[in-house]
>>> print(open('work-v4.cif').read())   # mmCIF, C-alpha atoms and all ligand atoms
data_coords
#
loop_
_atom_site.label_atom_id
_atom_site.label_comp_id
_atom_site.auth_asym_id
_atom_site.auth_seq_id
_atom_site.Cartn_x
_atom_site.Cartn_y
_atom_site.Cartn_z
CA MET A 1 3.16 -57.13 -37.95
CA VAL A 2 3.94 -60.77 -37.27
CA ARG A 3 6.89 -62.30 -35.42
CA VAL A 4 7.37 -65.96 -36.27
CA ALA A 5 9.00 -68.40 -33.85
CA GLY A 6 12.73 -68.84 -33.28
CA ASP A 7 15.18 -70.19 -35.83
CA LYS A 8 15.30 -74.00 -35.86
CA SER A 9 18.94 -74.27 -36.96
CA LEU A 10 20.08 -71.85 -34.24
CA SER A 11 17.93 -73.48 -31.56
CA HIS A 12 19.52 -76.90 -32.20
CA ARG A 13 22.98 -75.36 -32.08
CA ALA A 14 22.29 -73.27 -28.96
CA VAL A 15 21.36 -76.31 -26.88
CA LEU A 16 24.12 -78.55 -28.24
CA LEU A 17 26.84 -75.93 -27.80
CA GLY A 18 25.40 -74.55 -24.55
CA ALA A 19 25.64 -78.12 -23.22
CA ILE A 20 29.43 -78.24 -23.62
CA ALA A 21 30.17 -74.60 -22.72
CA ASP A 22 32.07 -73.90 -19.54
CA GLY A 23 29.28 -72.34 -17.47
CA ILE A 24 25.71 -71.14 -17.61
CA SER A 25 24.16 -70.17 -20.97
CA GLN A 26 21.05 -68.03 -21.33
CA VAL A 27 19.00 -68.70 -24.47
CA ARG A 28 15.93 -66.59 -25.25
CA GLY A 29 13.70 -67.17 -28.26
CA PHE A 30 14.35 -70.95 -28.36
CA LEU A 31 12.04 -72.67 -30.85
CA PRO A 32 9.58 -74.86 -28.92
CA ALA A 33 8.84 -77.21 -31.85
CA GLY A 34 9.05 -80.95 -32.46
CA ASP A 35 12.59 -81.08 -33.88
CA THR A 36 14.22 -78.75 -31.38
CA GLU A 37 12.40 -80.22 -28.37
CA ALA A 38 13.86 -83.59 -29.41
CA THR A 39 17.40 -82.22 -29.41
CA LEU A 40 16.80 -80.51 -26.07
CA ALA A 41 15.56 -83.78 -24.55
CA CYS A 42 18.68 -85.57 -25.89
CA VAL A 43 20.94 -82.95 -24.32
CA GLN A 44 19.14 -83.49 -20.99
CA ALA A 45 19.57 -87.26 -21.43
CA LEU A 46 23.31 -86.51 -21.62
CA GLY A 47 23.12 -85.24 -18.04
CA VAL A 48 22.87 -81.53 -18.82
CA ARG A 49 20.66 -79.52 -16.47
CA VAL A 50 18.31 -77.15 -18.28
CA GLU A 51 15.98 -74.75 -16.50
CA ARG A 52 12.96 -73.75 -18.52
CA HIS A 53 11.53 -70.37 -17.56
CA ASP A 54 8.92 -70.51 -20.32
CA ALA A 55 8.62 -72.33 -23.64
CA GLN A 56 11.29 -70.14 -25.25
CA THR A 57 13.60 -69.19 -22.39
CA LEU A 58 16.26 -71.61 -21.22
CA THR A 59 19.13 -71.61 -18.78
CA ILE A 60 21.61 -74.33 -19.72
CA TYR A 61 24.13 -75.51 -17.14
CA GLY A 62 26.95 -76.50 -19.48
CA GLY A 63 30.05 -78.53 -18.76
CA THR A 64 30.79 -82.22 -19.01
CA LEU A 65 28.44 -84.56 -20.85
CA HIS A 66 27.58 -87.92 -19.28
CA ALA A 67 26.94 -91.32 -20.85
CA PRO A 68 23.25 -91.68 -21.72
CA THR A 69 21.49 -94.68 -20.22
CA GLN A 70 19.31 -95.23 -23.31
CA PRO A 71 19.49 -94.56 -27.05
CA LEU A 72 19.06 -90.84 -27.77
CA ASN A 73 15.82 -90.21 -29.68
CA PHE A 74 16.08 -87.36 -32.19
CA VAL A 75 12.58 -88.17 -33.55
CA ASN A 76 12.42 -86.42 -36.99
CA ALA A 77 15.38 -84.06 -36.46
CA GLY A 78 18.06 -84.58 -39.12
CA THR A 79 19.99 -81.56 -37.88
CA GLY A 80 19.88 -82.81 -34.31
CA ILE A 81 21.20 -86.30 -35.04
CA ARG A 82 23.91 -85.25 -37.52
CA LEU A 83 25.32 -82.45 -35.35
CA ALA A 84 25.16 -84.62 -32.25
CA ALA A 85 27.04 -87.40 -34.09
CA GLY A 86 30.00 -85.02 -34.45
CA LEU A 87 29.77 -83.84 -30.86
CA LEU A 88 29.46 -87.33 -29.40
CA ALA A 89 32.25 -88.82 -31.54
CA GLY A 90 34.68 -86.90 -29.32
CA GLN A 91 33.26 -87.95 -25.94
CA PRO A 92 34.85 -90.54 -23.63
CA PHE A 93 31.66 -92.65 -23.53
CA ALA A 94 29.52 -94.72 -25.89
CA SER A 95 26.18 -93.54 -27.25
CA VAL A 96 23.43 -94.66 -29.62
CA LEU A 97 21.63 -92.02 -31.73
CA ASP A 98 18.24 -92.91 -33.12
CA GLY A 99 14.95 -91.41 -34.23
CA SER A 100 11.65 -91.97 -36.01
CA ALA A 101 11.08 -94.32 -38.95
CA GLN A 102 11.40 -91.22 -41.16
CA LEU A 103 14.79 -90.28 -39.68
CA ARG A 104 16.00 -93.90 -40.04
CA ARG A 105 15.47 -93.61 -43.80
CA ARG A 106 17.72 -90.55 -44.19
CA PRO A 107 21.35 -90.81 -45.38
CA MET A 108 23.97 -90.84 -42.60
CA LYS A 109 26.97 -91.98 -44.64
CA ARG A 110 27.69 -88.32 -45.30
CA VAL A 111 28.64 -87.90 -41.61
CA ILE A 112 29.83 -91.44 -40.85
CA GLU A 113 32.46 -91.42 -43.59
CA PRO A 114 34.30 -88.18 -42.72
CA LEU A 115 33.99 -88.77 -38.96
CA ARG A 116 35.70 -92.14 -39.48
CA LEU A 117 38.49 -90.38 -41.36
CA MET A 118 38.94 -88.32 -38.18
CA GLY A 119 39.33 -91.58 -36.26
CA ALA A 120 35.79 -91.81 -34.91
CA ASN A 121 34.37 -95.22 -34.05
CA ILE A 122 30.89 -94.74 -35.52
CA SER A 123 28.66 -97.14 -37.37
CA GLY A 124 25.11 -97.23 -38.63
CA VAL A 125 22.73 -99.86 -39.91
CA ASP A 126 23.30 -99.82 -43.67
CA ASP A 127 24.82 -96.35 -43.11
CA LYS A 128 21.60 -95.09 -41.54
CA ALA A 129 20.33 -94.51 -37.98
CA PRO A 130 20.52 -95.93 -35.37
CA LEU A 131 24.14 -94.77 -35.13
CA THR A 132 26.45 -96.35 -32.56
CA ILE A 133 29.44 -94.40 -31.31
CA GLN A 134 32.28 -95.79 -29.19
CA PRO A 135 35.00 -93.58 -27.69
CA ALA A 136 38.07 -93.07 -29.91
CA PRO A 137 40.80 -90.43 -30.20
CA LEU A 138 40.13 -87.94 -33.02
CA LYS A 139 42.59 -86.21 -35.31
CA GLY A 140 42.04 -83.13 -37.45
CA ILE A 141 41.59 -83.69 -41.20
CA THR A 142 41.00 -81.67 -44.36
CA TYR A 143 37.76 -82.83 -45.92
CA GLU A 144 36.23 -81.79 -49.21
CA MET A 145 32.45 -82.23 -49.06
CA SER A 146 30.75 -83.51 -52.21
CA VAL A 147 27.46 -81.81 -51.21
CA ALA A 148 27.12 -78.35 -49.70
CA SER A 149 25.67 -79.52 -46.38
CA ALA A 150 25.70 -77.40 -43.23
CA GLN A 151 24.87 -80.47 -41.18
CA VAL A 152 27.96 -82.35 -42.40
CA LYS A 153 30.16 -79.27 -42.03
CA SER A 154 28.86 -78.71 -38.50
CA ALA A 155 29.32 -82.35 -37.46
CA LEU A 156 32.98 -82.17 -38.50
CA LEU A 157 33.59 -78.82 -36.78
CA LEU A 158 32.01 -80.10 -33.55
CA ALA A 159 34.14 -83.26 -33.69
CA GLY A 160 37.08 -80.97 -34.46
CA LEU A 161 36.71 -79.37 -31.02
CA TYR A 162 37.96 -82.70 -29.57
CA ALA A 163 40.56 -83.48 -32.25
CA ASP A 164 44.30 -83.38 -32.20
CA GLY A 165 45.17 -80.65 -34.73
CA ALA A 166 43.12 -78.47 -37.04
CA THR A 167 40.01 -79.58 -38.94
CA THR A 168 39.35 -78.03 -42.35
CA VAL A 169 36.11 -78.45 -44.27
CA ILE A 170 35.96 -77.41 -47.93
CA GLU A 171 32.46 -76.70 -49.22
CA PRO A 172 31.38 -76.62 -52.88
CA ALA A 173 29.03 -73.68 -52.15
CA ASP A 174 28.35 -71.59 -49.05
CA ALA A 175 26.03 -73.63 -46.79
CA ARG A 176 24.51 -71.93 -43.74
CA ASP A 177 27.27 -70.77 -41.39
CA HIS A 178 25.46 -70.67 -38.03
CA THR A 179 27.84 -73.14 -36.37
CA GLU A 180 30.88 -71.09 -37.36
CA ARG A 181 29.31 -67.87 -36.05
CA MET A 182 28.20 -69.42 -32.76
CA LEU A 183 31.52 -71.16 -32.15
CA ARG A 184 33.37 -67.89 -32.75
CA ALA A 185 31.06 -66.07 -30.34
CA MET A 186 31.99 -68.73 -27.76
CA GLY A 187 35.71 -68.10 -28.24
CA ALA A 188 36.60 -70.94 -30.65
CA ASN A 189 39.22 -70.39 -33.34
CA VAL A 190 37.25 -70.77 -36.59
CA VAL A 191 38.48 -69.16 -39.81
CA SER A 192 36.45 -69.12 -43.05
CA GLU A 193 38.19 -68.21 -46.28
CA GLY A 194 37.14 -68.89 -49.85
CA GLY A 195 35.00 -71.94 -49.11
CA ARG A 196 37.49 -73.39 -46.56
CA ILE A 197 36.52 -73.43 -42.91
CA THR A 198 39.24 -74.29 -40.39
CA LEU A 199 38.74 -74.95 -36.71
CA THR A 200 41.90 -75.08 -34.61
CA PRO A 201 41.41 -76.33 -31.04
CA THR A 202 42.56 -73.70 -28.54
CA GLY A 203 42.73 -75.93 -25.47
CA MET A 204 40.37 -73.45 -23.82
CA PRO A 205 36.76 -74.36 -22.98
CA LEU A 206 33.91 -72.66 -24.88
CA LYS A 207 32.42 -69.58 -23.23
CA PRO A 208 28.70 -69.83 -22.40
CA LEU A 209 26.08 -68.27 -24.66
CA ASP A 210 23.90 -65.29 -23.86
CA MET A 211 21.69 -64.96 -26.89
CA THR A 212 18.28 -64.26 -28.31
CA VAL A 213 17.43 -66.57 -31.20
CA PRO A 214 15.99 -64.53 -34.09
CA SER A 215 12.89 -65.63 -36.03
CA ASP A 216 13.34 -68.46 -38.50
CA PHE A 217 13.63 -67.23 -42.09
CA SER A 218 12.45 -70.65 -43.28
CA SER A 219 9.21 -70.27 -41.31
CA ALA A 220 8.86 -66.67 -42.46
CA ALA A 221 9.16 -68.03 -46.02
CA PHE A 222 5.61 -69.46 -45.90
CA LEU A 223 4.22 -66.05 -45.00
CA ILE A 224 6.45 -64.28 -47.52
CA VAL A 225 5.15 -66.41 -50.38
CA ALA A 226 1.54 -66.36 -49.10
CA SER A 227 1.60 -62.56 -48.85
CA SER A 228 3.10 -62.27 -52.34
CA ILE A 229 0.37 -64.33 -54.01
CA VAL A 230 -2.78 -63.66 -51.94
CA PRO A 231 -4.41 -60.45 -53.18
CA SER A 232 -4.59 -57.45 -50.84
CA SER A 233 -2.25 -58.79 -48.16
CA ASN A 234 0.16 -56.36 -46.54
CA VAL A 235 2.37 -58.03 -43.98
CA THR A 236 5.48 -57.06 -42.07
CA LEU A 237 7.51 -59.82 -40.43
CA THR A 238 9.74 -58.59 -37.61
CA GLY A 239 13.02 -59.81 -36.12
CA VAL A 240 13.73 -62.32 -38.89
CA ASN A 241 17.15 -63.93 -39.26
CA LEU A 242 18.65 -62.41 -42.43
CA ASN A 243 21.84 -64.47 -42.53
CA PRO A 244 22.72 -64.30 -46.25
CA THR A 245 23.38 -68.05 -46.38
CA ARG A 246 19.64 -68.48 -45.67
CA THR A 247 17.84 -65.75 -47.62
CA GLY A 248 18.12 -67.02 -51.20
CA LEU A 249 14.31 -67.08 -51.47
CA LEU A 250 14.26 -63.27 -51.24
CA ASP A 251 16.64 -63.01 -54.21
CA ALA A 252 14.56 -65.50 -56.18
CA LEU A 253 11.23 -63.78 -55.45
CA LYS A 254 12.63 -60.32 -56.14
CA ALA A 255 13.91 -61.56 -59.52
CA MET A 256 10.34 -62.78 -60.15
CA GLY A 257 8.97 -59.30 -59.51
CA ALA A 258 7.89 -59.63 -55.86
CA ASP A 259 7.26 -56.48 -53.83
CA ILE A 260 9.47 -57.08 -50.79
CA THR A 261 11.23 -54.49 -48.65
CA VAL A 262 13.89 -55.63 -46.19
CA THR A 263 15.11 -53.38 -43.37
CA GLU A 264 18.07 -54.66 -41.41
CA THR A 265 17.74 -53.66 -37.77
CA GLY A 266 20.86 -55.11 -36.16
CA LEU A 267 22.47 -58.31 -34.89
CA GLU A 268 20.98 -60.97 -32.64
CA GLY A 269 23.05 -63.93 -31.51
CA GLY A 270 25.75 -62.97 -34.03
CA GLU A 271 23.24 -63.09 -36.91
CA PRO A 272 21.89 -60.15 -38.94
CA VAL A 273 18.17 -59.58 -38.27
CA GLY A 274 15.52 -57.28 -39.65
CA ASP A 275 12.00 -56.70 -40.84
CA ILE A 276 10.52 -57.95 -44.10
CA ARG A 277 7.50 -56.18 -45.62
CA ILE A 278 5.62 -58.00 -48.38
CA LYS A 279 2.86 -56.82 -50.69
CA PRO A 280 1.20 -58.91 -53.39
CA ALA A 281 2.71 -58.65 -56.86
CA ALA A 282 2.48 -60.21 -60.31
CA LEU A 283 5.27 -62.80 -60.47
CA ARG A 284 7.23 -64.05 -63.52
CA GLY A 285 9.00 -67.40 -63.80
CA ILE A 286 12.80 -67.66 -63.42
CA GLU A 287 15.66 -70.15 -63.63
CA ILE A 288 17.46 -71.21 -60.46
CA SER A 289 20.65 -73.26 -60.15
CA GLY A 290 24.03 -73.46 -58.39
CA ALA A 291 24.83 -71.47 -55.24
CA LEU A 292 21.34 -69.93 -55.00
CA VAL A 293 19.88 -73.44 -54.57
CA VAL A 294 21.97 -73.93 -51.43
CA ARG A 295 20.87 -70.55 -50.01
CA MET A 296 17.19 -71.54 -50.32
CA ILE A 297 17.39 -75.33 -49.94
CA ASP A 298 14.53 -75.58 -47.40
CA GLU A 299 12.30 -73.18 -49.33
CA PHE A 300 11.64 -75.18 -52.53
CA PRO A 301 8.34 -76.72 -51.41
CA ILE A 302 6.85 -73.26 -50.78
CA PHE A 303 8.71 -71.81 -53.78
CA MET A 304 6.78 -74.28 -55.98
CA ILE A 305 3.56 -72.50 -54.97
CA ALA A 306 5.07 -69.15 -56.01
CA ALA A 307 6.15 -70.70 -59.33
CA LEU A 308 2.60 -71.98 -59.97
CA CYS A 309 1.31 -68.42 -59.47
CA ALA A 310 3.98 -66.87 -61.72
CA GLU A 311 3.56 -66.12 -65.40
CA GLY A 312 5.82 -68.24 -67.63
CA GLU A 313 8.44 -70.91 -67.01
CA THR A 314 10.26 -71.60 -63.76
CA LEU A 315 13.12 -74.07 -64.00
CA VAL A 316 15.08 -75.35 -61.00
CA ARG A 317 18.32 -77.31 -61.48
CA ASP A 318 21.10 -78.62 -59.15
CA ALA A 319 18.55 -79.32 -56.41
CA GLN A 320 18.88 -83.12 -56.10
CA GLU A 321 19.42 -82.70 -52.32
CA LEU A 322 15.66 -82.13 -52.12
CA ARG A 323 15.25 -85.85 -52.64
CA VAL A 324 16.88 -86.71 -49.28
CA LYS A 325 15.11 -84.28 -46.98
CA GLU A 326 12.32 -85.40 -44.60
CA THR A 327 10.75 -86.77 -47.79
CA ASP A 328 11.72 -86.73 -51.46
CA ARG A 329 10.41 -83.20 -51.74
CA ILE A 330 10.46 -83.11 -55.55
CA ALA A 331 8.35 -86.25 -55.92
CA VAL A 332 6.07 -85.65 -52.95
CA MET A 333 5.31 -82.00 -53.76
CA ALA A 334 4.70 -82.82 -57.44
CA ALA A 335 2.31 -85.64 -56.47
CA GLU A 336 0.36 -83.56 -53.94
CA LEU A 337 0.14 -80.51 -56.20
CA ARG A 338 -1.23 -82.71 -59.00
CA LYS A 339 -4.16 -83.49 -56.70
CA LEU A 340 -4.96 -79.75 -56.90
CA GLY A 341 -4.83 -79.97 -60.69
CA ALA A 342 -1.31 -78.55 -61.06
CA GLN A 343 1.12 -79.55 -63.76
CA VAL A 344 4.61 -79.99 -62.35
CA GLU A 345 7.37 -81.56 -64.44
CA GLU A 346 9.74 -83.50 -62.22
CA ARG A 347 13.42 -83.51 -63.11
CA GLU A 348 16.07 -85.68 -61.49
CA ASP A 349 17.69 -82.56 -59.97
CA GLY A 350 14.73 -80.18 -59.80
CA PHE A 351 11.50 -79.31 -61.55
CA ARG A 352 9.86 -77.22 -64.26
CA ILE A 353 6.61 -75.37 -63.76
CA VAL A 354 4.84 -73.26 -66.36
CA GLY A 355 2.34 -70.76 -64.94
CA LYS A 356 0.16 -69.20 -64.21
CA GLN A 357 -1.93 -72.19 -63.16
CA THR A 358 -5.36 -72.39 -61.56
CA LEU A 359 -5.53 -74.75 -58.60
CA LYS A 360 -8.65 -76.56 -57.44
CA GLY A 361 -9.16 -77.49 -53.79
CA ALA A 362 -8.80 -81.19 -52.89
CA VAL A 363 -7.73 -83.48 -50.07
CA VAL A 364 -3.93 -83.67 -49.95
CA ASP A 365 -1.37 -85.25 -47.63
CA GLY A 366 1.46 -83.69 -45.61
CA HIS A 367 3.53 -86.95 -45.56
CA ASP A 368 4.80 -86.18 -42.04
CA ASP A 369 7.02 -83.52 -43.68
CA HIS A 370 6.46 -80.12 -42.06
CA ARG A 371 7.49 -78.07 -45.07
CA VAL A 372 5.30 -80.13 -47.43
CA ALA A 373 2.26 -79.79 -45.15
CA MET A 374 2.70 -76.01 -44.75
CA SER A 375 3.31 -75.47 -48.47
CA MET A 376 0.14 -77.37 -49.31
CA ALA A 377 -1.81 -75.21 -46.85
CA VAL A 378 -0.56 -72.08 -48.65
CA ALA A 379 -1.50 -73.69 -51.98
CA GLY A 380 -4.97 -74.14 -50.47
CA MET A 381 -5.17 -70.38 -49.91
CA VAL A 382 -4.98 -69.70 -53.65
CA ALA A 383 -6.89 -72.80 -54.81
CA GLU A 384 -10.57 -72.54 -55.70
CA GLY A 385 -12.76 -74.20 -53.06
CA GLU A 386 -11.70 -76.12 -50.00
CA THR A 387 -8.36 -77.83 -49.48
CA VAL A 388 -7.81 -80.29 -46.64
CA VAL A 389 -4.21 -81.11 -45.68
CA GLU A 390 -4.14 -84.46 -43.90
CA ASP A 391 -1.22 -85.50 -41.70
CA ALA A 392 -0.54 -81.80 -41.09
CA ASP A 393 0.37 -81.94 -37.38
CA CYS A 394 3.98 -82.24 -38.52
CA ALA A 395 3.89 -78.47 -39.16
CA ASN A 396 4.70 -78.34 -35.47
CA ASP A 397 8.15 -79.85 -36.17
CA SER A 398 9.36 -76.33 -37.02
CA PHE A 399 6.45 -73.86 -36.85
CA PRO A 400 4.26 -73.90 -33.73
CA ARG A 401 0.82 -72.34 -34.29
CA PHE A 402 1.25 -72.28 -38.08
CA ALA A 403 -2.50 -72.36 -38.82
CA GLU A 404 -3.21 -69.56 -36.33
CA THR A 405 -0.44 -67.47 -37.88
CA LEU A 406 -1.89 -67.92 -41.38
CA GLN A 407 -5.23 -66.73 -39.98
CA LEU A 408 -3.51 -63.45 -39.09
CA LEU A 409 -2.99 -63.00 -42.83
CA GLY A 410 -6.72 -63.46 -43.33
CA ALA A 411 -6.59 -67.11 -44.37
CA GLY A 412 -9.77 -69.07 -43.79
CA ILE A 413 -7.83 -71.93 -42.23
CA THR A 414 -8.75 -74.20 -39.33
CA HIS A 415 -6.65 -76.92 -37.69
CA GLU A 416 -8.19 -80.14 -36.45
CA ALA A 417 -5.87 -82.33 -34.42
C1 LIG A 501 20.34 -77.46 -41.66
C2 LIG A 501 20.98 -77.72 -42.84
C3 LIG A 501 20.29 -78.11 -44.09
C4 LIG A 501 18.80 -77.83 -44.00
C5 LIG A 501 18.21 -78.26 -42.69
C6 LIG A 501 18.87 -77.53 -41.54
C7 LIG A 501 21.13 -77.06 -40.48
O1 LIG A 501 20.47 -79.50 -44.31
O2 LIG A 501 18.13 -78.46 -45.07
O3 LIG A 501 16.82 -78.00 -42.64
O4 LIG A 501 20.56 -76.55 -39.50
O5 LIG A 501 22.36 -77.27 -40.51
P1 LIG A 501 21.77 -80.08 -45.09
O6 LIG A 501 22.95 -79.89 -44.24
O7 LIG A 501 21.43 -81.54 -45.27
O8 LIG A 501 21.83 -79.33 -46.38
#
>>> encode(input="work-v4.cif", output="structure tokens")
Amino acid sequence: MVRVAGDKSLSHRAVLLGAIADGISQVRGFLPAGDTEATLACVQALGVRVERHDAQTLTIYGGTLHAPTQPLNFVNAGTGIRLAAGLLAGQPFASVLDGSAQLRRRPMKRVIEPLRLMGANISGVDDKAPLTIQPAPLKGITYEMSVASAQVKSALLLAGLYADGATTVIEPADARDHTERMLRAMGANVVSEGGRITLTPTGMPLKPLDMTVPSDFSSAAFLIVASSIVPSSNVTLTGVNLNPTRTGLLDALKAMGADITVTETGLEGGEPVGDIRIKPAALRGIEISGALVVRMIDEFPIFMIAALCAEGETLVRDAQELRVKETDRIAVMAAELRKLGAQVEEREDGFRIVGKQTLKGAVVDGHDDHRVAMSMAVAGMVAEGETVVEDADCANDSFPRFAETLQLLGAGITHEA
């Protein structure tokens, strides 16, 4: 039985929303990883007092945010900077939102453009970070997103808390709905209906949170795939977030013939949670496109390893968003897997892999992208001989103690800092 660390998406949201709640929030199971620590530090730089009882247990003294004295540094956290852009657009003070060289390369126009339509005074450098926000009155809008992005949706809903009138976001497919669930739990008026999400300001402050963050499905995903393809594993993951907007990988793997049993055990922090038991199985290739892509958007790097171990063709379409994650995950994964002898056909909006392929150990690179580094480590588990993943410390951006956790599955893996 393994319990992986807290959900990254929920941890970002818990500190950002706890910061503006009217009173004291208790957050258990916070993810103490690179991305979420960055957001927590930014919230503290906004004058919010946070008591840390241990790495995962926080008391957040919410209320009014204060002007930061320096640019806020979100390091590698795309979720942190985009959600905070929405939150800060509605504040009566100026702020600058920045991050690492990697974060500065990521597209911000997707939040700048709709926030400006709401009246926000926000600008970037060539539409990228650093972002500068000046105070401005906001008005509610109806906005149709061209990509199904939970970060964009969330930025607009958070700005909507400070807007005059209702804010409606229309999404082309159901992106993760953690912000909607958390806002509702805090007393906000958020209605979701047929791909339209409407937040209507109530004039009442948000109620504080009292929540336990469930385990991150996206971290569990590495163990789910590893246990499916490494012979004689038998692993049960407990307390995993089973929000259906996140669990597309389970549907994909089951369609490939994986032996996975899911037992829902209840709700934690307004999210369905449960246990996932995985046994190795012979996998077959499948085709993936459309809404399923959105429900497993962070899982494609590790899914590529499953596809390489599956018999026959796996074809992924409609996944061009992978090109604007921490790295271009289609190009980077294809290049690194080729070093192990894999054949991966890159497509503009996805990839094609014909298995089953034999991998040979080699030295590969994590590209400062946590999900790439961890996927390559799992590839190393099924490759013949030794695989070294360089630049793998970034695994800590979302999954503390990743190497130690893989050892629990019997992997002969060591981590040198
Ligand atoms: C996230 C949304 C997704 C996802 C990211 C986390 C979130 O990004 O890839 O890891 O917590 O809202 P997009 O909104 O860009 O799809």
>>> closest_residue(input="work-v4.cif", among="A:Thr36, A:Thr236, A:Gln151, A:Ser95", to="ligand LIG 501 (chain A)", atoms="only C-alpha atoms and all ligand atoms")
A:Gln151
>>> residues_near_ligand(input="work-v4.cif", ligand="ligand LIG 501 (chain A)", cutoff="7 Å", atoms="all atoms listed in the file", output="PDB file with C-alpha atoms, in the frame of the given file")
ATOM      1  CA  LYS A   8      15.300 -74.000 -35.860  1.00  0.00           C
ATOM      2  CA  SER A   9      18.940 -74.270 -36.960  1.00  0.00           C
ATOM      3  CA  THR A  79      19.990 -81.560 -37.880  1.00  0.00           C
ATOM      4  CA  ALA A 148      27.120 -78.350 -49.700  1.00  0.00           C
ATOM      5  CA  SER A 149      25.670 -79.520 -46.380  1.00  0.00           C
ATOM      6  CA  ALA A 150      25.700 -77.400 -43.230  1.00  0.00           C
ATOM      7  CA  GLN A 151      24.870 -80.470 -41.180  1.00  0.00           C
ATOM      8  CA  VAL A 152      27.960 -82.350 -42.400  1.00  0.00           C
ATOM      9  CA  SER A 154      28.860 -78.710 -38.500  1.00  0.00           C
ATOM     10  CA  ARG A 176      24.510 -71.930 -43.740  1.00  0.00           C
ATOM     11  CA  ILE A 297      17.390 -75.330 -49.940  1.00  0.00           C
ATOM     12  CA  ASP A 298      14.530 -75.580 -47.400  1.00  0.00           C
ATOM     13  CA  LYS A 325      15.110 -84.280 -46.980  1.00  0.00           C
TER      14      LYS A 325
END
>>> closest_residue(input="work-v4.cif", among="A:Cys42, A:Ala221, A:Leu322, A:Val75", to="Leu253 in chain A", atoms="only C-alpha atoms")
A:Ala221
>>> closest_residue(input="work-v4.cif", among="A:Met145, A:Ala163, A:Ile305, A:Ile60", to="Asp22 in chain A", atoms="only C-alpha atoms")
A:Ile60
>>> residues_around(input="work-v4.cif", residues="Gln343 in chain A", least_positions_apart="4", cutoff="9 Å", atoms="all atoms listed in the file", output="mmCIF file with C-alpha atoms, in the frame of the given file")
data_model
loop_
_atom_site.group_PDB
_atom_site.id
_atom_site.type_symbol
_atom_site.label_atom_id
_atom_site.label_comp_id
_atom_site.auth_asym_id
_atom_site.auth_seq_id
_atom_site.Cartn_x
_atom_site.Cartn_y
_atom_site.Cartn_z
ATOM 1 C CA LEU A 308 2.600 -71.980 -59.970
ATOM 2 C CA ALA A 334 4.700 -82.820 -57.440
ATOM 3 C CA LEU A 337 0.140 -80.510 -56.200
ATOM 4 C CA ARG A 338 -1.230 -82.710 -59.000
ATOM 5 C CA ILE A 353 6.610 -75.370 -63.760
ATOM 6 C CA VAL A 354 4.840 -73.260 -66.360
ATOM 7 C CA GLY A 355 2.340 -70.760 -64.940
ATOM 8 C CA GLN A 357 -1.930 -72.190 -63.160
#
>>> residues_near_point(input="work-v4.cif", point="(3.3, -65.0, -39.8)", cutoff="12 Å", atoms="all atoms listed in the file", output="VMD selection string")
chain A and resid 1 to 5 215 to 227 233 to 240 276 to 278 378 399 to 411
>>> closest_residue(input="work-v4.cif", among="A:Gly274, A:Gly312, A:Pro280, A:Gly78", to="Gly34 in chain A", atoms="only C-alpha atoms")
A:Gly78
>>> atom_distance(input="work-v4.cif", atom1="CA of Pro244 in chain A", atom2="CA of Val294 in chain A")
11.0 Å
